[in-house]
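Colleague: Hey, dropping final24.tsv in here, TSV, C-alpha atoms:
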```tsv
chain	number	residue	atom	x	y	z
A	1	MET	CA	-247.58	-14.76	-145.56
A	2	LEU	CA	-246.13	-11.42	-144.65
A	3	LEU	CA	-247.59	-9.81	-147.73
A	4	GLN	CA	-251.00	-11.19	-146.94
A	5	SER	CA	-250.97	-9.82	-143.39
A	6	PHE	CA	-249.85	-6.44	-144.70
A	7	LYS	CA	-252.71	-6.40	-147.20
A	8	ALA	CA	-255.13	-7.27	-144.43
A	9	LEU	CA	-253.78	-4.41	-142.31
A	10	ARG	CA	-254.23	-1.93	-145.17
A	11	ALA	CA	-257.78	-3.18	-145.69
A	12	THR	CA	-258.61	-2.65	-142.02
A	13	ARG	CA	-257.06	0.85	-142.08
A	14	SER	CA	-259.07	1.90	-145.12
A	15	SER	CA	-262.21	0.53	-143.55
A	16	LEU	CA	-261.41	2.53	-140.38
A	17	ILE	CA	-261.23	5.74	-142.35
A	18	SER	CA	-264.49	5.11	-144.14
A	19	THR	CA	-266.40	4.12	-141.00
A	20	PRO	CA	-267.79	6.88	-138.74
A	21	ILE	CA	-265.22	8.43	-136.45
A	22	ILE	CA	-266.85	7.33	-133.18
A	23	GLN	CA	-265.41	3.91	-132.60
A	24	THR	CA	-265.62	1.54	-129.73
A	25	ALA	CA	-262.57	-0.24	-128.47
A	26	GLY	CA	-263.88	-3.40	-126.95
A	27	TYR	CA	-261.71	-5.25	-124.51
A	28	LYS	CA	-262.58	-7.25	-121.45
A	29	THR	CA	-261.18	-6.82	-117.98
A	30	GLN	CA	-261.66	-9.24	-115.21
A	31	TYR	CA	-264.01	-7.20	-113.01
A	32	LEU	CA	-265.43	-4.28	-114.94
A	33	GLY	CA	-266.69	-6.09	-117.96
A	34	GLN	CA	-266.55	-4.38	-121.32
A	35	LYS	CA	-265.10	-0.87	-121.43
A	36	VAL	CA	-266.02	1.61	-124.11
A	37	VAL	CA	-263.65	4.41	-125.06
A	38	LYS	CA	-265.09	7.28	-127.10
A	39	VAL	CA	-262.86	8.87	-129.72
A	40	TYR	CA	-263.93	12.36	-130.82
A	41	GLN	CA	-263.46	14.26	-134.02
A	42	PRO	CA	-260.41	16.60	-133.97
A	43	LEU	CA	-261.14	20.25	-133.16
A	44	PRO	CA	-261.09	22.75	-136.04
A	45	LYS	CA	-257.71	24.47	-136.42
A	46	LEU	CA	-257.39	27.83	-134.69
A	47	ARG	CA	-256.66	30.94	-136.82
A	48	GLU	CA	-256.99	28.73	-139.94
A	49	GLY	CA	-253.69	27.10	-139.11
A	50	THR	CA	-251.48	30.25	-139.04
A	51	PRO	CA	-248.81	30.17	-136.32
A	52	LEU	CA	-249.72	32.17	-133.23
A	53	MET	CA	-246.84	34.69	-133.32
A	54	LYS	CA	-247.33	35.39	-137.02
A	55	TYR	CA	-251.03	36.00	-136.39
A	56	VAL	CA	-250.31	38.34	-133.46
A	57	LYS	CA	-247.73	40.34	-135.42
A	58	GLU	CA	-249.98	40.70	-138.45
A	59	ASN	CA	-252.74	42.00	-136.21
A	60	GLN	CA	-250.38	44.48	-134.55
A	61	TYR	CA	-249.35	45.84	-137.95
A	62	LYS	CA	-253.00	46.05	-139.00
A	63	LYS	CA	-253.83	48.02	-135.87
A	64	LEU	CA	-250.80	50.35	-135.69
A	65	ASP	CA	-250.05	50.83	-139.38
A	66	PRO	CA	-253.26	50.30	-141.39
A	67	ASN	CA	-251.94	51.66	-144.70
A	68	GLY	CA	-248.52	50.01	-144.45
A	69	VAL	CA	-246.43	53.18	-144.95
A	70	LYS	CA	-244.34	52.81	-141.82
A	71	LYS	CA	-243.74	49.12	-142.47
A	72	SER	CA	-242.52	49.86	-145.98
A	73	LEU	CA	-239.95	52.34	-144.58
A	74	LEU	CA	-238.25	49.42	-142.84
A	75	ASP	CA	-238.69	46.93	-145.66
A	76	LYS	CA	-235.27	46.09	-147.06
A	77	SER	CA	-236.63	45.34	-150.53
A	78	ASN	CA	-238.07	48.86	-150.76
A	79	PRO	CA	-235.66	51.22	-152.60
A	80	SER	CA	-236.85	54.26	-150.59
A	81	LEU	CA	-236.26	52.68	-147.17
A	82	LEU	CA	-234.90	54.46	-144.11
A	83	ARG	CA	-231.14	54.16	-143.80
A	84	SER	CA	-228.69	55.56	-141.32
A	85	GLY	CA	-227.35	58.80	-142.77
A	86	ASP	CA	-230.74	60.09	-143.91
A	87	ILE	CA	-232.11	63.34	-142.53
A	88	VAL	CA	-235.64	62.81	-141.34
A	89	ARG	CA	-238.57	64.87	-140.09
A	90	ILE	CA	-241.11	63.29	-137.77
A	91	THR	CA	-244.51	64.95	-137.52
A	92	TYR	CA	-246.88	64.22	-134.67
A	93	ASN	CA	-250.65	64.33	-134.65
A	94	ASN	CA	-250.76	65.90	-131.20
A	95	LYS	CA	-249.43	69.36	-130.35
A	96	GLN	CA	-245.80	68.24	-130.19
A	97	PRO	CA	-243.56	70.20	-132.59
A	98	PRO	CA	-241.97	68.22	-135.45
A	99	LEU	CA	-238.62	66.57	-134.84
A	100	VAL	CA	-235.71	66.79	-137.27
A	101	GLY	CA	-232.52	64.78	-137.08
A	102	MET	CA	-230.10	62.47	-138.78
A	103	VAL	CA	-230.76	58.76	-138.49
A	104	ILE	CA	-227.71	57.11	-136.94
A	105	ALA	CA	-229.29	53.72	-136.25
A	106	VAL	CA	-232.36	51.77	-137.33
A	107	LYS	CA	-233.45	48.98	-135.02
A	108	ARG	CA	-235.78	46.49	-136.68
A	109	ASN	CA	-237.92	44.71	-134.14
A	110	GLY	CA	-241.42	44.27	-135.57
A	111	CYS	CA	-243.84	46.81	-134.18
A	112	ASP	CA	-241.24	47.86	-131.63
A	113	SER	CA	-238.87	49.11	-134.36
A	114	ASN	CA	-237.24	52.42	-133.63
A	115	ILE	CA	-234.82	54.92	-135.13
A	116	LEU	CA	-232.13	56.88	-133.34
A	117	LEU	CA	-232.10	60.53	-134.39
A	118	ARG	CA	-229.13	62.76	-133.70
A	119	ASN	CA	-229.16	66.52	-133.93
A	120	SER	CA	-227.12	69.32	-132.46
A	121	TYR	CA	-228.36	72.60	-131.04
A	122	ALA	CA	-225.61	75.17	-130.46
A	123	LYS	CA	-222.87	72.51	-130.62
A	124	LEU	CA	-224.66	70.31	-128.11
A	125	GLY	CA	-225.50	66.83	-129.37
A	126	VAL	CA	-229.00	65.53	-128.64
A	127	GLU	CA	-230.12	62.00	-129.39
A	128	ILE	CA	-233.71	60.82	-129.43
A	129	ARG	CA	-234.79	57.24	-129.95
A	130	VAL	CA	-238.20	57.24	-131.61
A	131	PRO	CA	-240.45	54.16	-131.88
A	132	ILE	CA	-241.90	54.73	-135.33
A	133	PHE	CA	-245.03	52.60	-134.95
A	134	ASN	CA	-246.19	54.89	-132.15
A	135	PRO	CA	-249.74	55.96	-133.10
A	136	VAL	CA	-248.90	59.54	-132.05
A	137	ILE	CA	-246.49	59.77	-135.00
A	138	GLU	CA	-248.37	60.85	-138.08
A	139	ARG	CA	-245.65	60.54	-140.70
A	140	VAL	CA	-241.92	60.11	-141.22
A	141	ASP	CA	-240.49	62.17	-144.09
A	142	ILE	CA	-237.03	61.74	-145.54
A	143	LEU	CA	-235.81	65.30	-146.17
A	144	LYS	CA	-232.34	64.58	-147.46
A	145	ARG	CA	-230.25	61.59	-148.36
A	146	PRO	CA	-226.46	61.62	-148.30
A	147	THR	CA	-224.65	61.59	-151.64
A	148	LYS	CA	-222.73	58.58	-150.44
A	149	TYR	CA	-223.78	56.28	-147.61
A	150	ARG	CA	-221.22	55.27	-145.00
A	151	SER	CA	-220.26	51.62	-144.94
A	152	ARG	CA	-221.85	50.96	-141.54
A	153	ASN	CA	-225.48	50.55	-140.50
A	154	LYS	CA	-224.93	51.97	-137.02
A	155	LEU	CA	-223.15	55.32	-137.04
A	156	TYR	CA	-222.36	55.52	-133.33
A	157	TYR	CA	-218.74	56.26	-134.15
A	158	ILE	CA	-219.50	59.72	-135.54
A	159	ARG	CA	-220.28	61.13	-132.08
A	160	GLY	CA	-217.85	63.86	-131.14
A	161	THR	CA	-215.75	63.54	-134.30
A	162	LYS	CA	-215.52	65.81	-137.31
A	163	LEU	CA	-218.10	63.59	-139.04
A	164	ASP	CA	-220.63	64.56	-136.37
A	165	VAL	CA	-224.03	66.06	-137.14
A	166	THR	CA	-224.13	69.84	-137.46
A	167	ASP	CA	-227.15	72.02	-136.77
A	168	ILE	CA	-229.54	70.42	-139.24
A	169	GLU	CA	-232.45	72.83	-139.03
A	170	SER	CA	-230.40	75.93	-139.87
A	171	SER	CA	-228.59	74.17	-142.73
A	172	LEU	CA	-231.94	73.08	-144.19
A	173	LYS	CA	-233.21	76.66	-143.98
A	174	LYS	CA	-230.11	77.86	-145.85
A	175	GLN	CA	-230.75	75.32	-148.58
A	176	GLN	CA	-234.33	76.48	-148.94
A	177	ARG	CA	-233.22	80.09	-149.27
A	178	ARG	CA	-230.74	79.16	-151.98
A	179	SER	CA	-233.33	77.18	-153.92
A	180	ASN	CA	-235.79	80.09	-153.67
B	1	MET	CA	-226.89	59.64	-113.29
B	2	ILE	CA	-225.68	62.45	-111.05
B	3	TYR	CA	-224.29	61.62	-107.64
B	4	LEU	CA	-221.54	62.61	-105.24
B	5	LYS	CA	-218.53	64.14	-107.01
B	6	THR	CA	-220.20	64.44	-110.44
B	7	MET	CA	-219.01	67.53	-112.30
B	8	LEU	CA	-221.75	69.38	-114.15
B	9	LYS	CA	-221.90	72.31	-116.52
B	10	CYS	CA	-223.79	75.34	-115.30
B	11	ILE	CA	-225.72	76.92	-118.18
B	12	ASP	CA	-226.98	80.15	-116.63
B	13	ASN	CA	-225.44	83.63	-116.18
B	14	SER	CA	-224.90	83.30	-112.41
B	15	GLY	CA	-221.15	83.22	-112.99
B	16	ALA	CA	-220.61	79.53	-112.29
B	17	GLN	CA	-219.13	77.41	-115.07
B	18	MET	CA	-218.51	74.01	-113.50
B	19	VAL	CA	-220.14	72.72	-110.31
B	20	GLU	CA	-219.58	69.54	-108.34
B	21	CYS	CA	-222.49	67.61	-106.83
B	22	ILE	CA	-222.17	67.02	-103.10
B	23	LYS	CA	-225.69	65.81	-102.29
B	24	VAL	CA	-228.73	64.55	-104.17
B	25	LEU	CA	-231.84	65.86	-102.42
B	26	ARG	CA	-234.82	63.67	-101.46
B	27	LYS	CA	-233.36	60.49	-102.90
B	28	ASN	CA	-232.28	58.60	-99.80
B	29	PRO	CA	-230.69	56.24	-99.05
B	30	LYS	CA	-228.78	55.64	-102.26
B	31	ASN	CA	-229.84	56.87	-105.61
B	32	PHE	CA	-228.85	59.11	-108.44
B	33	ALA	CA	-230.36	62.33	-109.75
B	34	SER	CA	-231.84	62.64	-113.23
B	35	ILE	CA	-233.54	65.46	-115.15
B	36	GLY	CA	-235.68	67.66	-112.86
B	37	ASP	CA	-234.05	66.49	-109.61
B	38	LYS	CA	-232.50	68.91	-107.15
B	39	ILE	CA	-228.94	68.68	-105.85
B	40	VAL	CA	-226.57	70.62	-103.62
B	41	CYS	CA	-223.33	71.54	-105.30
B	42	VAL	CA	-220.06	73.43	-104.91
B	43	VAL	CA	-218.95	75.96	-107.50
B	44	GLN	CA	-215.58	74.68	-108.73
B	45	LYS	CA	-214.99	77.05	-111.61
B	46	ALA	CA	-216.48	80.52	-112.00
B	47	ARG	CA	-216.20	83.37	-114.46
B	48	PRO	CA	-214.06	86.21	-113.14
B	49	SER	CA	-216.25	88.99	-111.76
B	50	THR	CA	-216.08	92.24	-113.67
B	51	SER	CA	-216.99	95.60	-112.23
B	52	THR	CA	-219.04	96.53	-115.30
B	53	ILE	CA	-221.94	94.23	-114.32
B	54	THR	CA	-224.42	96.10	-112.15
B	55	GLY	CA	-227.91	95.62	-110.78
B	56	ALA	CA	-229.67	92.36	-109.94
B	57	SER	CA	-227.32	90.12	-111.91
B	58	ALA	CA	-224.32	91.46	-109.95
B	59	SER	CA	-225.85	90.69	-106.56
B	60	ASN	CA	-226.86	87.17	-107.66
B	61	ARG	CA	-223.38	86.18	-108.79
B	62	VAL	CA	-221.62	83.20	-107.26
B	63	LYS	CA	-217.92	82.67	-106.61
B	64	ARG	CA	-215.63	79.66	-106.55
B	65	GLY	CA	-216.26	77.64	-103.37
B	66	ASP	CA	-219.88	78.71	-102.88
B	67	ILE	CA	-222.38	76.02	-101.86
B	68	VAL	CA	-225.61	76.33	-103.84
B	69	ARG	CA	-228.65	74.36	-104.85
B	70	ALA	CA	-229.25	73.40	-108.46
B	71	VAL	CA	-231.71	71.57	-110.68
B	72	ILE	CA	-230.55	69.18	-113.38
B	73	VAL	CA	-231.66	70.14	-116.89
B	74	ARG	CA	-229.74	67.67	-119.08
B	75	THR	CA	-228.21	64.26	-118.51
B	76	LYS	CA	-225.97	62.04	-120.51
B	77	LYS	CA	-227.88	59.02	-119.22
B	78	GLU	CA	-230.89	58.34	-121.42
B	79	THR	CA	-234.35	59.05	-119.95
B	80	GLN	CA	-237.52	57.47	-121.18
B	81	ARG	CA	-240.62	59.51	-121.91
B	82	PRO	CA	-244.25	58.47	-121.50
B	83	ASP	CA	-244.68	58.04	-125.27
B	84	GLY	CA	-241.84	55.51	-125.44
B	85	SER	CA	-239.17	57.75	-126.92
B	86	VAL	CA	-235.82	58.04	-125.20
B	87	ILE	CA	-233.74	61.21	-124.98
B	88	ARG	CA	-230.06	61.59	-124.28
B	89	PHE	CA	-227.83	64.68	-124.30
B	90	ASP	CA	-224.09	64.86	-124.78
B	91	ASP	CA	-223.39	66.44	-121.37
B	92	ASN	CA	-224.69	66.86	-117.82
B	93	ALA	CA	-225.91	70.36	-117.05
B	94	CYS	CA	-227.71	72.25	-114.29
B	95	VAL	CA	-229.22	75.63	-113.40
B	96	LEU	CA	-228.58	77.19	-109.97
B	97	LEU	CA	-231.54	77.78	-107.64
B	98	ASN	CA	-232.21	79.81	-104.53
B	99	LYS	CA	-233.97	78.49	-101.41
B	100	ASN	CA	-237.42	78.95	-102.96
B	101	ASP	CA	-236.49	76.84	-106.01
B	102	GLU	CA	-236.41	79.84	-108.33
B	103	PRO	CA	-233.44	80.26	-110.68
B	104	ILE	CA	-230.74	82.65	-109.38
B	105	ALA	CA	-229.79	83.84	-112.82
B	106	THR	CA	-231.71	85.83	-115.38
B	107	ARG	CA	-230.59	84.02	-118.50
B	108	ILE	CA	-230.14	80.44	-119.70
B	109	SER	CA	-227.76	79.83	-122.55
B	110	SER	CA	-228.67	76.48	-124.11
B	111	VAL	CA	-231.06	73.58	-124.49
B	112	VAL	CA	-233.08	72.15	-121.58
B	113	ALA	CA	-235.26	69.05	-121.39
B	114	LYS	CA	-239.04	69.12	-121.60
B	115	GLU	CA	-239.42	67.12	-118.37
B	116	LEU	CA	-238.77	70.29	-116.33
B	117	ARG	CA	-242.22	71.59	-117.20
B	118	ASP	CA	-243.85	68.62	-115.46
B	119	LYS	CA	-241.74	69.26	-112.37
B	120	ASN	CA	-242.86	72.89	-112.06
B	121	PHE	CA	-239.70	74.59	-113.28
B	122	ASN	CA	-241.72	76.66	-115.73
B	123	LYS	CA	-239.50	79.70	-115.34
B	124	ILE	CA	-236.43	77.79	-116.52
B	125	VAL	CA	-238.38	76.39	-119.48
B	126	SER	CA	-239.54	79.85	-120.53
B	127	LEU	CA	-236.03	81.33	-120.19
B	128	ALA	CA	-234.37	78.61	-122.24
B	129	PRO	CA	-233.77	79.30	-125.94
B	130	LYS	CA	-234.68	75.75	-126.92
B	131	VAL	CA	-236.69	73.01	-125.19
B	132	VAL	CA	-236.23	69.46	-126.46
```
For this file, write the structure as structure tokens.

Modeller:
Amino acid sequence: MLLQSFKALRATRSSLISTPIIQTAGYKTQYLGQKVVKVYQPLPKLREGTPLMKYVKENQYKKLDPNGVKKSLLDKSNPSLLRSGDIVRITYNNKQPPLVGMVIAVKRNGCDSNILLRNSYAKLGVEIRVPIFNPVIERVDILKRPTKYRSRNKLYYIRGTKLDVTDIESSLKKQQRRSN
Amino acid sequence: MIYLKTMLKCIDNSGAQMVECIKVLRKNPKNFASIGDKIVCVVQKARPSTSTITGASASNRVKRGDIVRAVIVRTKKETQRPDGSVIRFDDNACVLLNKNDEPIATRISSVVAKELRDKNFNKIVSLAPKVV
């Protein structure tokens, strides 16, 4: 008995799928007579079914970083990624002079990712936080990598200690002279 | 964040070494000064005057206890720039001014911030050895 009813139910379901999607649910009420409810076809999926935030982020990357160079600098699977301890030069495509400094922190936050550069001019420490997906920034070059990386990702503790950054630009010039 | 009682470095050759803020100008009722803002300060520590200095720099020298105006050129508190970058120095520093907002001194010894150019302190920017 139960099996039979189940089979009947399946039969009706399959027939429902095969029949056109506009169906009429007929039931009688005391005063209004027969009522017809229209059932519409589901709307096509937006963005071909990709989640909204993923779609937005992909578009941001496409707009701000068309060739994917900046994104690859933050990609942890990339062997030549930016790490704290690297010495970096940032060149701008406006008239701003290039910026040199040691990376002491990398903050990964999608298109809002930024790096904290520390430098010292005449024994005065200067820190600049640079959002690297800024369209004004043309390129980020890694000038020098340390022989051994420190065991922390954020090097805030080096401020004002003997590990602190020295005048990077003059030391780089010295190196160039030696190599020449 | 410079306010009452903040001690600042003075980076010009006016003779002052450390100054103490006693008033932030045009920031009433309660606020703090940042890069490019003017303050009134007291000279707390000055270089000893030597008789060898002559000319304009000698007449412009300040002593301990003098009350002078100053403009802030570096802050330890981070300031955001229009392009989204944030700059922060390791100390608070100022340059002394006269009543017409011109620097008293003839030399500036270290780095100043770029924001001063927007606030019409072009003379300080051109005197400074490095602008960041």

Colleague: Could you please tell me, as a PyMOL selection string, which residues of chain B have an atom within 6 Å of chain A when using all atoms listed in the file?

Modeller: chain B and resi 85-90

Colleague: Choose the residue, out of B:Val43, B:Ile11, B:Leu4, B:Ile72, that has the smallest atom-to-atom separation from B:Thr106; count only C-alpha atoms.

Modeller: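 With only C-alpha atoms as the atom set, the closest residue is B:Ile11.
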
Colleague: Go ahead and compute the interatomic distance for atom CA of B:Lys23 and atom CA of B:Val42, in Å to one decimal.

Modeller: 9.8 Å

Colleague: How far is it from atom CA of B:Gly15 to atom CA of B:Cys94, in Å with one decimal?

Modeller: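 These atoms are spaced 12.8 Å apart.
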
Colleague: What does the distance from atom CA of A:Asp86 to atom CA of B:Lys76 come to in Å, to one decimal?

Modeller: 24.0 Å

Colleague: Excluding stretch 54-57 of chain A and its own-chain neighbours fewer than 5 positions away, which residues fall within 12 Å of it when counting all atoms listed in the file? Please give them as an MDAnalysis selection string.

Modeller: chainID A and resid 46:49 62:65 71 109:112
